[in-house]
Structures are given as C-alpha cells and as structure tokens.
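Source file: input31.tsv. Holds: TSV, C-alpha atoms.
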```tsv
chain	number	residue	atom	x	y	z
A	1	MET	CA	-6.02	-44.81	-139.95
A	2	LYS	CA	-6.60	-41.15	-139.14
A	3	GLN	CA	-3.99	-38.55	-139.87
A	4	ASP	CA	-4.26	-35.35	-137.89
A	5	LEU	CA	-4.14	-32.15	-139.89
A	6	ASP	CA	-0.90	-30.27	-139.49
A	7	PRO	CA	-1.92	-26.59	-139.12
A	8	GLY	CA	1.04	-25.75	-141.38
A	9	VAL	CA	-0.69	-27.56	-144.26
A	10	ALA	CA	-3.81	-25.40	-143.95
A	11	GLN	CA	-1.64	-22.29	-143.74
A	12	ALA	CA	0.23	-23.35	-146.90
A	13	VAL	CA	-3.09	-23.87	-148.75
A	14	LEU	CA	-4.17	-20.43	-147.53
A	15	ARG	CA	-0.94	-18.83	-148.80
A	16	ALA	CA	-1.32	-20.52	-152.19
A	17	PHE	CA	-4.84	-19.15	-152.63
A	18	ALA	CA	-4.11	-15.75	-151.08
A	19	GLN	CA	-1.14	-15.14	-153.37
A	20	SER	CA	-2.48	-17.08	-156.39
A	21	ASP	CA	0.85	-18.90	-156.13
A	22	THR	CA	0.91	-21.92	-158.45
A	23	THR	CA	4.30	-23.04	-157.08
A	24	GLU	CA	2.85	-23.13	-153.57
A	25	VAL	CA	-0.17	-25.07	-154.86
A	26	SER	CA	2.07	-27.80	-156.26
A	27	ALA	CA	3.93	-28.00	-152.94
A	28	VAL	CA	0.84	-28.67	-150.81
A	29	ILE	CA	-1.54	-30.69	-152.99
A	30	GLY	CA	-1.29	-33.75	-155.17
A	31	ASP	CA	-2.83	-34.94	-158.40
A	32	ALA	CA	-5.68	-36.62	-156.50
A	33	THR	CA	-6.62	-33.52	-154.47
A	34	LEU	CA	-10.07	-32.13	-155.31
A	35	LEU	CA	-11.15	-28.50	-155.05
A	36	HIS	CA	-14.90	-27.92	-155.05
A	37	VAL	CA	-16.10	-24.37	-155.86
A	38	SER	CA	-19.75	-23.83	-154.96
A	39	GLY	CA	-22.25	-21.85	-156.98
A	40	ALA	CA	-23.53	-21.50	-160.53
A	41	SER	CA	-20.89	-19.32	-162.18
A	42	GLY	CA	-18.49	-20.42	-164.90
A	43	LEU	CA	-15.90	-21.03	-162.17
A	44	SER	CA	-18.14	-23.36	-160.15
A	45	GLY	CA	-17.38	-27.05	-160.17
A	46	SER	CA	-14.65	-29.46	-159.15
A	47	TYR	CA	-10.98	-29.17	-160.01
A	48	GLN	CA	-8.62	-32.13	-159.56
A	49	GLY	CA	-4.89	-31.89	-159.13
A	50	VAL	CA	-2.12	-29.37	-159.45
A	51	GLU	CA	-2.70	-28.44	-163.10
A	52	ALA	CA	-6.42	-27.79	-162.67
A	53	MET	CA	-6.02	-25.73	-159.49
A	54	SER	CA	-3.07	-23.79	-160.87
A	55	GLY	CA	-5.16	-23.10	-163.97
A	56	LEU	CA	-8.01	-21.81	-161.82
A	57	LEU	CA	-5.66	-19.45	-159.96
A	58	ARG	CA	-4.28	-18.16	-163.27
A	59	GLN	CA	-7.83	-17.70	-164.56
A	60	LEU	CA	-8.80	-15.72	-161.43
A	61	ALA	CA	-5.79	-13.46	-161.93
A	62	ASP	CA	-6.44	-13.04	-165.67
A	63	LEU	CA	-10.15	-12.27	-165.30
A	64	THR	CA	-9.46	-9.61	-162.68
A	65	ASN	CA	-6.23	-8.14	-164.06
A	66	GLY	CA	-4.46	-9.42	-160.96
A	67	THR	CA	-6.85	-7.85	-158.43
A	68	PHE	CA	-8.26	-11.12	-157.03
A	69	ARG	CA	-7.32	-11.58	-153.36
A	70	PHE	CA	-8.25	-14.11	-150.74
A	71	VAL	CA	-7.72	-12.61	-147.29
A	72	ALA	CA	-8.20	-15.11	-144.49
A	73	SER	CA	-7.16	-16.48	-141.13
A	74	VAL	CA	-6.89	-20.13	-140.13
A	75	THR	CA	-9.21	-21.18	-137.32
A	76	SER	CA	-8.42	-24.10	-135.08
A	77	PRO	CA	-8.99	-27.58	-136.55
A	78	GLU	CA	-12.35	-29.20	-135.90
A	79	THR	CA	-12.49	-31.84	-133.21
A	80	ASP	CA	-11.86	-34.81	-135.48
A	81	GLY	CA	-8.46	-33.41	-136.49
A	82	LEU	CA	-9.11	-34.01	-140.18
A	83	ARG	CA	-10.41	-30.57	-141.16
A	84	THR	CA	-9.43	-26.96	-140.86
A	85	VAL	CA	-11.83	-24.17	-141.70
A	86	VAL	CA	-10.26	-21.07	-143.25
A	87	GLU	CA	-12.57	-18.07	-143.24
A	88	GLY	CA	-12.00	-14.72	-144.86
A	89	ARG	CA	-12.95	-12.57	-147.84
A	90	ALA	CA	-12.67	-12.86	-151.59
A	91	GLU	CA	-11.99	-9.46	-153.13
A	92	ALA	CA	-11.53	-8.41	-156.74
A	93	VAL	CA	-12.42	-5.85	-159.41
A	94	ARG	CA	-13.69	-6.88	-162.85
A	95	ARG	CA	-15.50	-4.90	-165.52
A	96	ARG	CA	-16.19	-2.08	-163.06
A	97	LYS	CA	-17.77	-4.54	-160.64
A	98	HIS	CA	-16.37	-5.00	-157.14
A	99	LEU	CA	-16.39	-8.32	-155.30
A	100	SER	CA	-16.08	-8.38	-151.54
A	101	THR	CA	-17.76	-11.39	-149.97
A	102	ALA	CA	-17.08	-13.66	-147.02
A	103	VAL	CA	-15.75	-17.06	-148.09
A	104	ARG	CA	-14.85	-20.29	-146.38
A	105	LEU	CA	-12.27	-22.89	-147.36
A	106	VAL	CA	-12.50	-26.29	-145.71
A	107	VAL	CA	-9.25	-28.26	-146.02
A	108	VAL	CA	-9.66	-32.03	-145.53
A	109	VAL	CA	-6.72	-34.43	-145.16
A	110	ASP	CA	-6.30	-38.18	-145.44
A	111	ARG	CA	-3.27	-40.48	-145.20
A	112	ALA	CA	-1.87	-39.12	-148.47
A	113	GLY	CA	-2.14	-35.44	-147.50
A	114	VAL	CA	-4.67	-32.82	-148.63
A	115	ALA	CA	-7.62	-34.81	-150.04
A	116	GLU	CA	-10.20	-32.10	-150.67
A	117	ILE	CA	-10.71	-28.38	-150.43
A	118	TRP	CA	-14.23	-26.93	-150.38
A	119	LEU	CA	-14.82	-23.25	-151.18
A	120	ASP	CA	-18.16	-21.63	-150.49
A	121	CYS	CA	-19.39	-18.07	-150.12
A	122	GLU	CA	-21.60	-16.27	-147.67
A	123	ASP	CA	-23.26	-14.38	-150.54
A	124	GLN	CA	-23.26	-16.92	-153.34
A	125	ARG	CA	-25.38	-14.72	-155.61
A	126	GLU	CA	-22.84	-11.87	-155.38
A	127	PHE	CA	-19.99	-14.28	-156.14
A	128	ASP	CA	-21.79	-15.85	-159.11
A	129	ASP	CA	-22.91	-12.48	-160.53
A	130	PHE	CA	-19.37	-11.13	-160.33
A	131	TRP	CA	-17.97	-13.94	-162.52
A	132	GLU	CA	-20.69	-13.74	-165.20
```

Could you write out this file's structure as structure tokens?
Amino acid sequence: MKQDLDPGVAQAVLRAFAQSDTTEVSAVIGDATLLHVSGASGLSGSYQGVEAMSGLLRQLADLTNGTFRFVASVTSPETDGLRTVVEGRAEAVRRRKHLSTAVRLVVVVDRAGVAEIWLDCEDQREFDDFWE
C-alpha cells in the first residue's frame, strides 16, 4: 500500500534541520527512521531514530558554535508520491573555515511515516574537509 507524501511532512523535516530543532525532529520522525549522511567525514554514516538525529543536530551546533544552517526550499514531490527532494545550502563557520555548499535532502515515506532521509552534497570534498 502506497502512502502519498504530505508536503507538510517534508516542510517539517526541513524546519527541523534548518533550525537544528530537536523537538521538531521528534515530532516528524520515529525510532525506525534512518538518516543517511554521505561522504567520508566523521559525520558521515547512518543515524536511526530520534535520539541519533537529535544528537547529530546538537553535534552540528556544538562543532560550529551555533553557526550551522541549512537553508532550503521544498520542491514538488517526485511522480511516485513517496519522495520529496529538498535542495538548498549547508552553511557554517568552524576553526576559521567557511562551509557553503549545495546540499540535497531526499525524504522518503512509507505507511508508518518518514522512513528515510538521505543527505548528500554537491561538493562532497568541501563538506568532508570542513568537518575534519
């Protein structure tokens, strides 16, 4: 059984990441939801559930003294109705380095709600170098 993606869900995921809001994260994902962060940095890998994703958001804020921002807009859902692609920029300052790279979040839903979120970067090397 397919469940069409409610655009409000993708917008809520966007708000959670954009504001590093752990309360918002817990409102839109469940303990089975997976977040996949591409690349080879210490932040790369898969995170499952509210605690892991909230921890990642806290880590992003801590490592950048609160400068990490995800600025994005929600595009229209893909034709199968199960995905929304959120494109924008990841921006931050850390150790006198500046990050400003295009990123993409893909939000995938199933019958239970948000199943997976994929995060990848246009310039993966820049993203990875920033977090090292």

Neighbours of Val103 of chain A within 8 Å (all atoms listed in the file; same-chain residues fewer than 5 positions away dropped), as a list in words?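 Residues meeting the cut-off are Glu87, Gly88, Arg89, Ala90, Leu119, Asp120, Cys121 and Glu122 of chain A.
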
Centre and size of axis-aligned box enclosing segment 26-43 of chain A plus 8 Å each side, as lines of an AutoDock Vina configuration file:
```
center_x = -9.8
center_y = -28.0
center_z = -157.9
size_x = 43.5
size_y = 33.3
size_z = 30.1
```

Nearest-residue call for Asp110 of chain A, choices A:Leu82, A:Ala61, A:Ala92, A:Ala72, using all atoms listed in the file: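 Checking each of A:Leu82, A:Ala61, A:Ala92, A:Ala72 against Asp110 of chain A, counting all atoms listed in the file, the winner is A:Leu82.
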
For Leu43 of chain A: contacts at 8 Å, all atoms listed in the file, fewer than 6 positions along chain excluded, given as an MDAnalysis selection string: chainID A and resid 37 56 131

Export of prior selection with C-alpha atoms as a PDB file, in the coordinates of the input:
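Listing of part.pdb after writing:
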```pdb
ATOM      1  CA  VAL A  37     -16.100 -24.370-155.860  1.00  0.00           C
ATOM      2  CA  LEU A  56      -8.010 -21.810-161.820  1.00  0.00           C
ATOM      3  CA  TRP A 131     -17.970 -13.940-162.520  1.00  0.00           C
TER       4      TRP A 131
END
```

For atom CA of Asp62 of chain A and atom CA of Glu24 of chain A, the interatomic separation in Å (one decimal):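 The value is 18.3 Å.
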
Restricting the calculation to all atoms listed in the file, which member of A:Leu63, A:Ile117, A:Ala112, A:Val71 is positioned closest to Val93 of chain A?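 That would be A:Leu63, the residue with the smallest distance to Val93 of chain A.
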
So that I can see what lies close to Asp128 of chain A, please list as a PyMOL selection string the residues with an atom at most 9 Å from it, counting all atoms listed in the file and leaving out residues fewer than 2 positions away in the same chain. chain A and resi 39-44+123-126+130-132

Kindly export the residues of the current selection with C-alpha atoms, as an mmCIF file, keeping the file's coordinate frame.
```cif
data_model
loop_
_atom_site.group_PDB
_atom_site.id
_atom_site.type_symbol
_atom_site.label_atom_id
_atom_site.label_comp_id
_atom_site.auth_asym_id
_atom_site.auth_seq_id
_atom_site.Cartn_x
_atom_site.Cartn_y
_atom_site.Cartn_z
ATOM 1 C CA GLY A 39 -22.250 -21.850 -156.980
ATOM 2 C CA ALA A 40 -23.530 -21.500 -160.530
ATOM 3 C CA SER A 41 -20.890 -19.320 -162.180
ATOM 4 C CA GLY A 42 -18.490 -20.420 -164.900
ATOM 5 C CA LEU A 43 -15.900 -21.030 -162.170
ATOM 6 C CA SER A 44 -18.140 -23.360 -160.150
ATOM 7 C CA ASP A 123 -23.260 -14.380 -150.540
ATOM 8 C CA GLN A 124 -23.260 -16.920 -153.340
ATOM 9 C CA ARG A 125 -25.380 -14.720 -155.610
ATOM 10 C CA GLU A 126 -22.840 -11.870 -155.380
ATOM 11 C CA PHE A 130 -19.370 -11.130 -160.330
ATOM 12 C CA TRP A 131 -17.970 -13.940 -162.520
ATOM 13 C CA GLU A 132 -20.690 -13.740 -165.200
#
```
